[in-house]
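Beneath this line is the structure, given in structure tokens, with notes to follow.
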Amino acid sequence: MVNSFFPKTYDEALELLDQRQMILMAGGTDLMVKKRNWAGLAPLLDRDVLFISELKELRYIRKSGGFIHIGSMTTLEDLLENELTPEILRKAVLLMASPGIRHIATIGGNIGNASPAGDSLPVLYILDAKIVVDGKGTERMVPIEEFITGPGKTALADREMIKEIVINDFKFDTVHYEKIGGRKSDAISKVSFAGGATYRNGRIDDIRLAFGAVAPVVVRNRKLEGTLKGMEARNLVSAVENLQQGYGKFITPIDDQRSTAEYRSKVCSNIIDRFIKKAGDAV
Amino acid sequence: MADISRSIKKQDTYGKTSGSIEYISDMKIEGALHARTLRSTMARARIKGIRLPELPEGYYIIDRNDVPGMNRVKIIFDDMPVFAEEVVKYIGEPILLVVGEERAVIKDVIDAIVVEYEPLEPEFGYVDSVIHYDYEKGNAEKYFDGSCRIVSGEYSTGYQEHIYLEPQGIIGLYENGKATVIGSMQCPYYIKNAVIQAMGCDDDMVRIIQAATGGAFGGKEEFPSLIGCQVAVAAKKTGKPVRLIYDRVEDIETTTKRHPSLIKFQAAVDEENNIKAMKVHVSLDSGAYIGLSGVVLQRAMIAASGVYTIENMSVSGDVYETNTVPNGAFRGFGAPQMFFGIEMFINHVAKEIGEDNLNFRKRHLAKQGDATSTGGKFRDPIIMGKMIDKVMDMSGYEAKRKEYSGRNDFRGVGMSWFLHGCGFTGSGEQDHIKAVVRIRKNTDDTVTVLAANTEMGQGAFTTLRKIAAGVLEIPVERVIYNNPDTDLVPDSGPTVASRTVMVVGGLIARAALRLKEQWIDGKEILIEERYKQPEYVQWDDKTLTGDAYPGYSWGVNVAEVEVDPVTYEVNMKGLWGVYDIGKSIDDRIIEGQIEGGLLQGVAYGTIEVMDTKDGKIRQRNVTDYIIPTASDCVNVESVVMDNPFPLGPFGAKGAGELPLVGGAPAVALAIENAIGRKVRKIPATPEYIMELLENG
Amino acid sequence: MAEIKFILNKEEVTVDTDPTKRLLDVLREDFGMTGVKEGCGEGECGACSVLVNGEVVSSCLMPAGNAVGKEIMTIEGFAETERYKVIHQAYEDEGAVQCGFCIPGMVIATESLLNKNPNPTEEEIRDGLSGNLCRCTGYNMIVRAVQRAAERGNGLW
């Protein structure tokens, strides 16, 4: 049986984390399934456990200086209820899991789990999220695309935990979020997409696209996004084919028990078309 | 007297909403040991040896060597062993149980057991036929000689897993030479007969008690016989009660499912656009053991002409054994597969010959007096004409179909017509089940109905009591029906095949009538009633000819869908149903059967995906095997039309399975209308729809 | 092992157990709350639903250690309340209960929904129940039961 620790303060948590290798237990919604054991038996954990979901210092949503700061232990339900939550993030969270999971699942946990199909991730990518990682005396900020390094893998070092997520506080003029799962709710994504656009004088000022569940990590490509900058919104549709071809190189889905690579690729292609048309029509 | 259809309160609602009713995994039995199954990891292999770790005191291994009687589970075709013998035939096959007090220790023991396998070549696909049936009606071959236009079609259906919310669970006890088995089940007497065979004991040395059962749908028809035998054997060996509760992954991976199928049709169409003859072949995948696959095949074959009258038919079928999990009963029992096939085919024939499909189907629709597929007779009034008009009216079908066919916006409507033969196929009731019920008037003037049929949510507690009360003309509250205990109730047959109300309820009604005639206040009176096959029901089991069923229930469904052209997902926009089940014994209960069954059928046609790779099921938990949530369904508008059946209590026929049968073809036809492509396979997943649209 | 202190069905309780154990197992085995069911063990089916500080949570996903200091209510505790009576009556009147295995979870989810949103739309009801699987009823009769309960709520929520 492993030891469990219940730090009362954030500093105490960092102190404990510094002393030994620990598993971070946030809401438990991923860990308790990944490590599940038979009924009545404790999960198959091989390291001591640090219970962090009750650290109130990590549960907040604040606006300051053009940024929104979200504490890592903020639950998905907290995100739904707070008016500071960007619209597109709210859209994504509403389609995630179910109430019984959203009440305890945390944003930090979702990021730390780094599932290729993580539903909040494409949104965080287009919001230029930065992950504040903390260990005893070693705070650093890592852009999300550098933080998540592979399926289930992050740049989190041994004695570190996710403290905060920082996103830019700007609003897109057009947003689009899609999640394709096996059913309308409570499903693991086959494909997910987050897109946003802002305009200036009828032209694209900033446009972002991110795809989830179709590669080892979220696919976002600033170069391809850049090719659309300055284009007249009503001509945007002419760029669809190039974008489809361009993204085609980075979208590398697999066949698995949920879907096929062919389907996932085709749907991404179709979504590009749908989003670009929507972004083009919005002005 | 109030119309029996009027709904009443069920007796167990409070127990269920308050969480106080105990299901098998909730029961605490003094001194019970836990059990866990060690399973084959090979699809087909010879077991060369099993290396066991040293067992701590109080821990036991239970395997084939401990089975006192026959190591075969009694399920129509007795090929499934209680515990695997030399050759294992599917991934997940039970080899032995580890039994003891602490689950953590059991886990350590199981993890330490090493099974040495000699791999054998597994077989998959429709290759190894183990059962073959065929029947003829008229002379079909004649029409395939070149005089008629031949239209062909091939259709396939996938697995369906029950996902009853309560996983399988059973407890075995053994005392003074008598085995008692308590568990989640549909058929106490099936389990009793199986345990007698496995224990090699006398009839009165086995007692089976049904616990509150959290859903079944056929998944607890024959499967519990396997685990019932296992825990009875374990209880005898250990001298303690043994508790075997499956977890969900184990349940999905290793219990019976709906048979996947491949159905081939050929129709010979004459110059007047009439189908003169049909040839049909059904292939079913039984998995590693046959069990009751032969009966599923029969029902599928008998349904080969659907609701249509085809004068000449040549129907054959094969059950193929494969090294995958054995398949078994699931609501509909061969009919959902066949009705998907025949409804798609009849529409495809109409399309092929260029006739409006509604006219085409109406022209071939069976009428009262017509010969059935097996040369029996539709003796009773058929009100399908009225039902079709009603469902079309309710749904706006005709206008929508015209509108959606013309447009390119991926909206569509589809209509399915279907029936379900009520009760056991052919001579099953008369030759095998021989149902008996008793009804006992108590001295306090309450009445206890004694039958082995089980409440599993479908309302048997209520409907059977209402029937007795209705005939006796006493308040329903004075009629008692409890979970069956084979020591206390006679064998009224299994709770399957849509027979509970029609057959068992019919027996109860007859017994109640006799009781009424003999009623004396304050006196205890016991009446027994035995099943008698109606004389006109003649069936030849060898040639599969005659009346396959004493009566039929009928249904029509309309489904409206919108397919997303970007994601190919199917969004349900509307569902309508009109049903003839003779007479509703309780309107809300029937509504519950309709809504639940229809959603199962629709999901079978769209989102329930299960396949195997090298014999291993790929969708092994409820995350991957998807059933609908509350967000995935639409409101259903349904109507039940009375058409009293003379042999059913108060005119009732079977209603349990019918509602599922029409769901998949209705939604598949709607998808066809929406995308303008022929659907030949279910589940019609977004991946399949994309394939259809891409390949033109 | 640790001492886990929380409030269970309005009573202060303590249990000495491994904090990583599932709250589901602790409730069923240490406290005999068998109304909390295991339908899947992976947070998908909702049969294990309990109220944590008034909100529905799948107890098979929650380690017991996260229950410390919280108000946990199982169906057994909820069945003692006035709100339960209204919900129960609505479920009974609408014929929403078949095999019953999903029902304690559905009742808990209903309470959690109405507690936050006393007059939900049909879509909000379906979303509120989206974490509770039912195989028997096809959901619509349960949705109608929740609507009925909300209508009859009469200031209770």
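Chains: A, B, ... in order of the structure tokens. Residues: from 1 per chain. Ligands: from 1, in order shown.
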
Residues of chain C within 7 Å of chain B: nearest atom pair and distance (Å, one decimal) for each, counting only C-alpha atoms, sorted by chain and number, as JSON lines?
```
{"residue": "C:Thr34", "atom": "CA", "partner": "B:Asp26", "partner_atom": "CA", "distance": 5.5}
{"residue": "C:Gly35", "atom": "CA", "partner": "B:Gly19", "partner_atom": "CA", "distance": 4.2}
{"residue": "C:Gly39", "atom": "CA", "partner": "B:Leu165", "partner_atom": "CA", "distance": 5.6}
{"residue": "C:Cys40", "atom": "CA", "partner": "B:Arg248", "partner_atom": "CA", "distance": 5.0}
{"residue": "C:Glu44", "atom": "CA", "partner": "B:Thr623", "partner_atom": "CA", "distance": 6.6}
{"residue": "C:Ile75", "atom": "CA", "partner": "B:Gly19", "partner_atom": "CA", "distance": 6.1}
{"residue": "C:Glu76", "atom": "CA", "partner": "B:Ser18", "partner_atom": "CA", "distance": 6.2}
{"residue": "C:Ala79", "atom": "CA", "partner": "B:Ser18", "partner_atom": "CA", "distance": 5.4}
{"residue": "C:His88", "atom": "CA", "partner": "B:Thr17", "partner_atom": "CA", "distance": 6.2}
{"residue": "C:Glu92", "atom": "CA", "partner": "B:Thr13", "partner_atom": "CA", "distance": 6.4}
{"residue": "C:Gly95", "atom": "CA", "partner": "B:Arg588", "partner_atom": "CA", "distance": 5.8}
{"residue": "C:Val97", "atom": "CA", "partner": "B:Thr13", "partner_atom": "CA", "distance": 6.5}
{"residue": "C:Gln98", "atom": "CA", "partner": "B:Gly457", "partner_atom": "CA", "distance": 3.8}
{"residue": "C:Cys99", "atom": "CA", "partner": "B:Gly457", "partner_atom": "CA", "distance": 3.5}
{"residue": "C:Gly100", "atom": "CA", "partner": "B:Lys16", "partner_atom": "CA", "distance": 5.1}
{"residue": "C:Phe101", "atom": "CA", "partner": "B:Gly214", "partner_atom": "CA", "distance": 5.1}
{"residue": "C:Cys102", "atom": "CA", "partner": "B:Leu165", "partner_atom": "CA", "distance": 6.6}
{"residue": "C:Ile103", "atom": "CA", "partner": "B:Thr17", "partner_atom": "CA", "distance": 5.8}
{"residue": "C:Pro104", "atom": "CA", "partner": "B:Thr17", "partner_atom": "CA", "distance": 5.5}
{"residue": "C:Val107", "atom": "CA", "partner": "B:Thr17", "partner_atom": "CA", "distance": 6.9}
{"residue": "C:Arg126", "atom": "CA", "partner": "B:Ser631", "partner_atom": "CA", "distance": 5.1}
{"residue": "C:Asp127", "atom": "CA", "partner": "B:Ser631", "partner_atom": "CA", "distance": 6.0}
{"residue": "C:Leu129", "atom": "CA", "partner": "B:Ala630", "partner_atom": "CA", "distance": 6.2}
{"residue": "C:Ser130", "atom": "CA", "partner": "B:Ala630", "partner_atom": "CA", "distance": 5.3}
{"residue": "C:Leu133", "atom": "CA", "partner": "B:Thr629", "partner_atom": "CA", "distance": 5.7}
{"residue": "C:Cys134", "atom": "CA", "partner": "B:Leu165", "partner_atom": "CA", "distance": 6.9}
{"residue": "C:Arg135", "atom": "CA", "partner": "B:Tyr164", "partner_atom": "CA", "distance": 6.2}
{"residue": "C:Cys136", "atom": "CA", "partner": "B:Gly596", "partner_atom": "CA", "distance": 5.0}
{"residue": "C:Thr137", "atom": "CA", "partner": "B:Gly596", "partner_atom": "CA", "distance": 4.3}
{"residue": "C:Gly138", "atom": "CA", "partner": "B:Gly596", "partner_atom": "CA", "distance": 4.1}
{"residue": "C:Tyr139", "atom": "CA", "partner": "B:Ala630", "partner_atom": "CA", "distance": 5.6}
{"residue": "C:Asn140", "atom": "CA", "partner": "B:Asn635", "partner_atom": "CA", "distance": 6.1}
```

Just the residues within 6 Å of B:Gly414, please, counting only C-alpha atoms, with nothing from its chain fewer than 4 positions along; format it as a list in words.
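The neighbour list is Val558, Ala559, Ala666, Leu669 and Ala670 of chain B.
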
Please, could you write that set of residues out with N, CA and C atoms as an mmCIF file, in the first residue's frame?
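So part17.cif came out as:
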```cif
data_model
loop_
_atom_site.group_PDB
_atom_site.id
_atom_site.type_symbol
_atom_site.label_atom_id
_atom_site.label_comp_id
_atom_site.auth_asym_id
_atom_site.auth_seq_id
_atom_site.Cartn_x
_atom_site.Cartn_y
_atom_site.Cartn_z
ATOM 1 N N VAL B 558 -41.556 4.901 -38.065
ATOM 2 C CA VAL B 558 -40.985 5.892 -38.968
ATOM 3 C C VAL B 558 -39.863 6.586 -38.212
ATOM 4 N N ALA B 559 -38.735 6.742 -38.889
ATOM 5 C CA ALA B 559 -37.617 7.471 -38.316
ATOM 6 C C ALA B 559 -37.283 8.634 -39.223
ATOM 7 N N ALA B 666 -35.869 1.093 -39.770
ATOM 8 C CA ALA B 666 -36.456 2.429 -39.956
ATOM 9 C C ALA B 666 -35.366 3.479 -40.091
ATOM 10 N N LEU B 669 -33.337 3.031 -43.377
ATOM 11 C CA LEU B 669 -34.072 3.534 -44.545
ATOM 12 C C LEU B 669 -34.091 5.058 -44.548
ATOM 13 N N ALA B 670 -34.142 5.655 -43.363
ATOM 14 C CA ALA B 670 -34.105 7.115 -43.290
ATOM 15 C C ALA B 670 -32.750 7.630 -43.755
#
```

Could you build a table of the residues in stretch 141-186 of chain A lying no more than 9 Å from stretch 207-217 of chain A, giving for each the nearest pair of atoms and their separation in Å rounded to one decimal place, using only C-alpha atoms, ordered by chain and ascending residue number, as a Markdown table?
```
| residue | atom | partner | partner_atom | distance |
| --- | --- | --- | --- | --- |
| A:Glu145 | CA | A:Val217 | CA | 8.4 |
| A:Ile148 | CA | A:Val217 | CA | 7.1 |
| A:Thr149 | CA | A:Val217 | CA | 7.1 |
| A:Gly150 | CA | A:Pro216 | CA | 5.5 |
| A:Pro151 | CA | A:Pro216 | CA | 5.2 |
| A:Gly152 | CA | A:Pro216 | CA | 8.9 |
| A:Phe172 | CA | A:Ile207 | CA | 8.7 |
| A:Lys179 | CA | A:Gly212 | CA | 8.9 |
```

Go ahead and save the picked residues with C-alpha atoms, as a PDB file, in the first residue's frame.
```pdb
ATOM      1  CA  GLU A 145       2.598  23.223 -27.358  1.00  0.00           C
ATOM      2  CA  ILE A 148       2.633  18.501 -24.095  1.00  0.00           C
ATOM      3  CA  THR A 149       5.290  16.402 -25.772  1.00  0.00           C
ATOM      4  CA  GLY A 150       3.468  13.236 -26.803  1.00  0.00           C
ATOM      5  CA  PRO A 151       0.513  10.993 -26.006  1.00  0.00           C
ATOM      6  CA  GLY A 152       0.251  11.086 -22.228  1.00  0.00           C
ATOM      7  CA  PHE A 172     -12.423  36.082 -31.395  1.00  0.00           C
ATOM      8  CA  LYS A 179     -16.294  17.480 -31.072  1.00  0.00           C
TER       9      LYS A 179
END
```

Per-residue nearest contacts chain C to chain A, cut-off 7 Å, using only C-alpha atoms, as a tab-separated table:
```
residue	atom	partner	partner_atom	distance
C:Pro19	CA	A:Ser4	CA	6.8
C:Thr20	CA	A:Ala42	CA	6.0
C:Lys21	CA	A:Ala42	CA	4.4
C:Arg22	CA	A:Ala42	CA	6.9
C:Asp25	CA	A:Gly40	CA	5.3
C:Glu42	CA	A:Val33	CA	5.5
C:Glu55	CA	A:His103	CA	7.0
C:Val56	CA	A:Gly100	CA	5.0
C:Val57	CA	A:Gly100	CA	4.0
C:Ser58	CA	A:Gly100	CA	5.1
C:Leu61	CA	A:Thr29	CA	5.2
C:Met62	CA	A:Gly28	CA	5.8
C:Pro63	CA	A:Gly28	CA	6.7
C:Gly128	CA	A:Pro99	CA	6.4
C:Ser130	CA	A:Ser98	CA	5.9
C:Gly131	CA	A:Ser98	CA	4.7
```

Restricting the output to N, CA and C atoms, write the selected residues as a PDB file, in the first residue's frame.
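Output below, filename again-v3.pdb:
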```pdb
ATOM      1  N   PRO C  19      -6.733   5.947   1.579  1.00  0.00           N
ATOM      2  CA  PRO C  19      -7.421   7.088   0.957  1.00  0.00           C
ATOM      3  C   PRO C  19      -7.525   6.988  -0.564  1.00  0.00           C
ATOM      4  N   THR C  20      -6.734   6.074  -1.168  1.00  0.00           N
ATOM      5  CA  THR C  20      -6.830   5.976  -2.630  1.00  0.00           C
ATOM      6  C   THR C  20      -7.960   5.042  -3.053  1.00  0.00           C
ATOM      7  N   LYS C  21      -8.541   4.372  -2.066  1.00  0.00           N
ATOM      8  CA  LYS C  21      -9.656   3.473  -2.402  1.00  0.00           C
ATOM      9  C   LYS C  21     -10.811   4.296  -2.951  1.00  0.00           C
ATOM     10  N   ARG C  22     -11.606   3.680  -3.818  1.00  0.00           N
ATOM     11  CA  ARG C  22     -12.728   4.388  -4.399  1.00  0.00           C
ATOM     12  C   ARG C  22     -13.772   4.710  -3.332  1.00  0.00           C
ATOM     13  N   ASP C  25     -16.426   2.062  -3.092  1.00  0.00           N
ATOM     14  CA  ASP C  25     -16.199   0.871  -2.271  1.00  0.00           C
ATOM     15  C   ASP C  25     -16.336   1.182  -0.794  1.00  0.00           C
ATOM     16  N   GLU C  42     -15.924   2.871 -14.417  1.00  0.00           N
ATOM     17  CA  GLU C  42     -15.043   3.797 -15.118  1.00  0.00           C
ATOM     18  C   GLU C  42     -15.691   5.161 -15.334  1.00  0.00           C
ATOM     19  N   GLU C  55     -23.666  18.315  -5.270  1.00  0.00           N
ATOM     20  CA  GLU C  55     -23.485  18.151  -6.707  1.00  0.00           C
ATOM     21  C   GLU C  55     -23.250  16.680  -7.047  1.00  0.00           C
ATOM     22  N   VAL C  56     -23.770  16.242  -8.180  1.00  0.00           N
ATOM     23  CA  VAL C  56     -23.635  14.829  -8.556  1.00  0.00           C
ATOM     24  C   VAL C  56     -22.190  14.518  -8.939  1.00  0.00           C
ATOM     25  N   VAL C  57     -21.693  13.434  -8.380  1.00  0.00           N
ATOM     26  CA  VAL C  57     -20.333  12.974  -8.662  1.00  0.00           C
ATOM     27  C   VAL C  57     -20.358  11.463  -8.827  1.00  0.00           C
ATOM     28  N   SER C  58     -19.584  10.946  -9.782  1.00  0.00           N
ATOM     29  CA  SER C  58     -19.461   9.492  -9.946  1.00  0.00           C
ATOM     30  C   SER C  58     -18.485   8.988  -8.894  1.00  0.00           C
ATOM     31  N   LEU C  61     -15.011   7.226  -9.349  1.00  0.00           N
ATOM     32  CA  LEU C  61     -13.845   7.991  -9.803  1.00  0.00           C
ATOM     33  C   LEU C  61     -13.195   8.761  -8.661  1.00  0.00           C
ATOM     34  N   MET C  62     -13.892   8.834  -7.532  1.00  0.00           N
ATOM     35  CA  MET C  62     -13.410   9.706  -6.467  1.00  0.00           C
ATOM     36  C   MET C  62     -12.661   8.888  -5.427  1.00  0.00           C
ATOM     37  N   PRO C  63     -11.395   9.191  -5.197  1.00  0.00           N
ATOM     38  CA  PRO C  63     -10.707   8.493  -4.110  1.00  0.00           C
ATOM     39  C   PRO C  63     -11.286   8.952  -2.775  1.00  0.00           C
ATOM     40  N   GLY C 128     -28.309  17.212 -18.006  1.00  0.00           N
ATOM     41  CA  GLY C 128     -28.139  16.893 -16.585  1.00  0.00           C
ATOM     42  C   GLY C 128     -28.120  15.394 -16.315  1.00  0.00           C
ATOM     43  N   SER C 130     -27.045  13.247 -18.664  1.00  0.00           N
ATOM     44  CA  SER C 130     -26.214  12.645 -19.714  1.00  0.00           C
ATOM     45  C   SER C 130     -25.161  11.700 -19.160  1.00  0.00           C
ATOM     46  N   GLY C 131     -24.870  11.778 -17.886  1.00  0.00           N
ATOM     47  CA  GLY C 131     -23.884  10.881 -17.292  1.00  0.00           C
ATOM     48  C   GLY C 131     -24.506   9.655 -16.671  1.00  0.00           C
TER      49      GLY C 131
END
```

Output as a PyMOL selection string all residues of stretch 359-563 of chain B that backbone DSSP marks as helix (DSSP H, G or I).
chain B and resi 359-364+384-395+397-406+428-433+460-472+476-478+500-518

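The interface of chain A with chain B at 9 Å, considering only C-alpha atoms, consists of A:Trp38, A:Ala39, A:Gly40, A:Leu41, A:Ile180, A:Gly182, A:Arg183, A:Lys184, A:Ser185, A:Asp186, A:Ala187, A:Ile188, A:Asp256, A:Gln257, A:Arg258, A:Ser259, A:Thr260, A:Glu262, A:Tyr263, A:Arg264, A:Lys266, A:Val267, A:Cys268, A:Ser269, A:Asn270, A:Ile271, A:Asp273, A:Arg274.
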
Neighbours of A:Asp18 within 10 Å (only C-alpha atoms; same-chain residues fewer than 3 positions away dropped), as a ChimeraX atom specification?
/A:12-15,21-22,135-137,158-160

Close residues, stretch 65-72 of chain A itself excluded, 10 Å, only C-alpha atoms, min 2 positions apart in chain, as a PyMOL selection string
chain A and resi 26+52-53+55-63+74-75+79+84-86+106-112+129-133+161-170

Just to be explicit: take each residue in the selection above, keep C-alpha atoms, and write the result as a PDB file, in the first residue's frame.
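Once everything was written out, this is out19.pdb:
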```pdb
ATOM      1  CA  ALA A  26      -6.347  15.901  -8.505  1.00  0.00           C
ATOM      2  CA  ILE A  52      -3.990  18.302  -4.296  1.00  0.00           C
ATOM      3  CA  SER A  53      -7.598  18.924  -5.357  1.00  0.00           C
ATOM      4  CA  LEU A  55      -5.764  23.276  -2.319  1.00  0.00           C
ATOM      5  CA  LYS A  56      -7.997  26.343  -2.438  1.00  0.00           C
ATOM      6  CA  GLU A  57      -5.078  28.485  -3.496  1.00  0.00           C
ATOM      7  CA  LEU A  58      -5.139  26.639  -6.821  1.00  0.00           C
ATOM      8  CA  ARG A  59      -8.815  27.021  -7.543  1.00  0.00           C
ATOM      9  CA  TYR A  60      -9.575  30.387  -9.140  1.00  0.00           C
ATOM     10  CA  ILE A  61     -10.225  32.254 -12.356  1.00  0.00           C
ATOM     11  CA  ARG A  62      -8.832  35.781 -12.459  1.00  0.00           C
ATOM     12  CA  LYS A  63      -8.361  38.488 -15.019  1.00  0.00           C
ATOM     13  CA  THR A  74     -10.271  24.717 -11.083  1.00  0.00           C
ATOM     14  CA  THR A  75     -12.920  22.152 -11.963  1.00  0.00           C
ATOM     15  CA  LEU A  79     -15.185  26.918 -15.793  1.00  0.00           C
ATOM     16  CA  LEU A  84     -14.553  35.052 -17.324  1.00  0.00           C
ATOM     17  CA  THR A  85     -14.274  31.738 -19.135  1.00  0.00           C
ATOM     18  CA  PRO A  86     -13.811  32.381 -22.874  1.00  0.00           C
ATOM     19  CA  THR A 106      -9.816  19.691 -13.044  1.00  0.00           C
ATOM     20  CA  ILE A 107      -8.316  21.644 -15.910  1.00  0.00           C
ATOM     21  CA  GLY A 108      -4.856  20.874 -14.556  1.00  0.00           C
ATOM     22  CA  GLY A 109      -5.679  17.192 -14.583  1.00  0.00           C
ATOM     23  CA  ASN A 110      -6.938  17.336 -18.151  1.00  0.00           C
ATOM     24  CA  ILE A 111      -3.708  18.988 -19.291  1.00  0.00           C
ATOM     25  CA  GLY A 112      -1.468  16.777 -17.183  1.00  0.00           C
ATOM     26  CA  ALA A 129      -2.227  28.922 -23.267  1.00  0.00           C
ATOM     27  CA  LYS A 130       0.871  28.910 -21.155  1.00  0.00           C
ATOM     28  CA  ILE A 131       1.303  26.415 -18.381  1.00  0.00           C
ATOM     29  CA  VAL A 132       2.800  27.657 -15.149  1.00  0.00           C
ATOM     30  CA  VAL A 133       4.778  24.785 -13.718  1.00  0.00           C
ATOM     31  CA  MET A 161       3.174  20.268 -10.607  1.00  0.00           C
ATOM     32  CA  ILE A 162       0.954  22.406 -12.783  1.00  0.00           C
ATOM     33  CA  LYS A 163       0.063  25.541 -10.878  1.00  0.00           C
ATOM     34  CA  GLU A 164      -1.798  27.716 -13.314  1.00  0.00           C
ATOM     35  CA  ILE A 165      -2.918  28.124 -16.899  1.00  0.00           C
ATOM     36  CA  VAL A 166      -2.605  31.537 -18.467  1.00  0.00           C
ATOM     37  CA  ILE A 167      -4.533  32.476 -21.581  1.00  0.00           C
ATOM     38  CA  ASN A 168      -4.740  35.701 -23.494  1.00  0.00           C
ATOM     39  CA  ASP A 169      -7.845  37.656 -22.743  1.00  0.00           C
ATOM     40  CA  PHE A 170      -8.943  38.469 -26.240  1.00  0.00           C
TER      41      PHE A 170
END
```

Can you list, as a PyMOL selection string, every protein, DNA or RNA residue that comes within 9 Å of B:Val503 when you count only C-alpha atoms, leaving out same-chain residues fewer than 3 positions away?
chain B and resi 422-423+429+435+498-500+506-508+531+647-649+653-654

Give me the residues within 12 Å of C:Gln147 as a tab-separated table (two decimals) with N, CA and C atoms, in the first residue's frame, counting only C-alpha atoms and dropping any in the same chain fewer than 5 places off.
```tsv
chain	number	residue	atom	x	y	z
C	86	VAL	N	-40.95	14.18	-3.78
C	86	VAL	CA	-41.48	14.76	-5.01
C	86	VAL	C	-40.91	14.04	-6.23
C	87	ILE	N	-39.60	13.80	-6.20
C	87	ILE	CA	-38.95	13.12	-7.32
C	87	ILE	C	-39.49	11.69	-7.45
C	89	GLN	N	-42.35	10.48	-6.51
C	89	GLN	CA	-43.72	10.47	-7.00
C	89	GLN	C	-43.78	10.73	-8.50
C	90	ALA	N	-42.93	11.65	-8.95
C	90	ALA	CA	-42.91	11.98	-10.37
C	90	ALA	C	-42.44	10.77	-11.19
C	91	TYR	N	-41.40	10.09	-10.71
C	91	TYR	CA	-40.91	8.90	-11.41
C	91	TYR	C	-41.98	7.82	-11.45
C	93	ASP	N	-45.31	8.22	-11.19
C	93	ASP	CA	-46.44	8.61	-12.02
C	93	ASP	C	-46.13	8.53	-13.51
C	94	GLU	N	-44.89	8.78	-13.88
C	94	GLU	CA	-44.53	8.74	-15.29
C	94	GLU	C	-44.11	7.34	-15.76
C	96	ALA	N	-41.42	5.76	-15.00
C	96	ALA	CA	-40.03	5.89	-15.45
C	96	ALA	C	-39.10	4.81	-14.90
C	110	THR	N	-30.96	13.98	-10.77
C	110	THR	CA	-32.13	14.86	-10.82
C	110	THR	C	-32.03	15.92	-9.74
C	113	LEU	N	-29.36	18.48	-10.55
C	113	LEU	CA	-29.80	19.39	-11.60
C	113	LEU	C	-30.77	20.43	-11.06
C	114	LEU	N	-31.82	19.96	-10.36
C	114	LEU	CA	-32.86	20.88	-9.90
C	114	LEU	C	-32.32	21.82	-8.82
C	117	ASN	N	-30.77	24.39	-10.96
C	117	ASN	CA	-31.63	24.90	-12.02
C	117	ASN	C	-33.04	24.37	-11.80
C	118	PRO	N	-33.85	25.05	-10.98
C	118	PRO	CA	-35.16	24.53	-10.61
C	118	PRO	C	-36.16	24.44	-11.76
C	119	ASN	N	-35.89	25.16	-12.86
C	119	ASN	CA	-36.81	25.09	-13.99
C	119	ASN	C	-36.08	24.80	-15.29
C	120	PRO	N	-35.53	23.62	-15.41
C	120	PRO	CA	-34.69	23.34	-16.58
C	120	PRO	C	-35.52	23.11	-17.84
C	121	THR	N	-34.92	23.42	-18.98
C	121	THR	CA	-35.55	23.09	-20.26
C	121	THR	C	-35.32	21.61	-20.51
C	122	GLU	N	-35.99	21.08	-21.55
C	122	GLU	CA	-35.80	19.67	-21.85
C	122	GLU	C	-34.34	19.38	-22.17
C	123	GLU	N	-33.71	20.28	-22.91
C	123	GLU	CA	-32.31	20.07	-23.27
C	123	GLU	C	-31.43	20.06	-22.02
C	124	GLU	N	-31.72	20.94	-21.09
C	124	GLU	CA	-30.93	20.98	-19.87
C	124	GLU	C	-31.15	19.73	-19.03
C	125	ILE	N	-32.35	19.19	-19.07
C	125	ILE	CA	-32.60	17.94	-18.34
C	125	ILE	C	-31.78	16.82	-18.97
C	126	ARG	N	-31.83	16.74	-20.30
C	126	ARG	CA	-31.07	15.66	-20.96
C	126	ARG	C	-29.58	15.79	-20.67
C	140	ASN	N	-36.91	8.81	-22.30
C	140	ASN	CA	-37.93	9.87	-22.40
C	140	ASN	C	-38.87	9.91	-21.20
C	141	MET	N	-39.21	8.73	-20.67
C	141	MET	CA	-40.11	8.74	-19.52
C	141	MET	C	-39.41	9.30	-18.28
C	142	ILE	N	-38.09	9.10	-18.22
C	142	ILE	CA	-37.34	9.68	-17.11
C	142	ILE	C	-37.26	11.20	-17.27
C	152	ARG	N	-43.82	20.29	-10.00
C	152	ARG	CA	-44.47	20.11	-8.69
C	152	ARG	C	-43.60	20.61	-7.56
C	153	GLY	N	-42.36	21.00	-7.91
C	153	GLY	CA	-41.37	21.38	-6.91
C	153	GLY	C	-41.86	22.34	-5.87
```
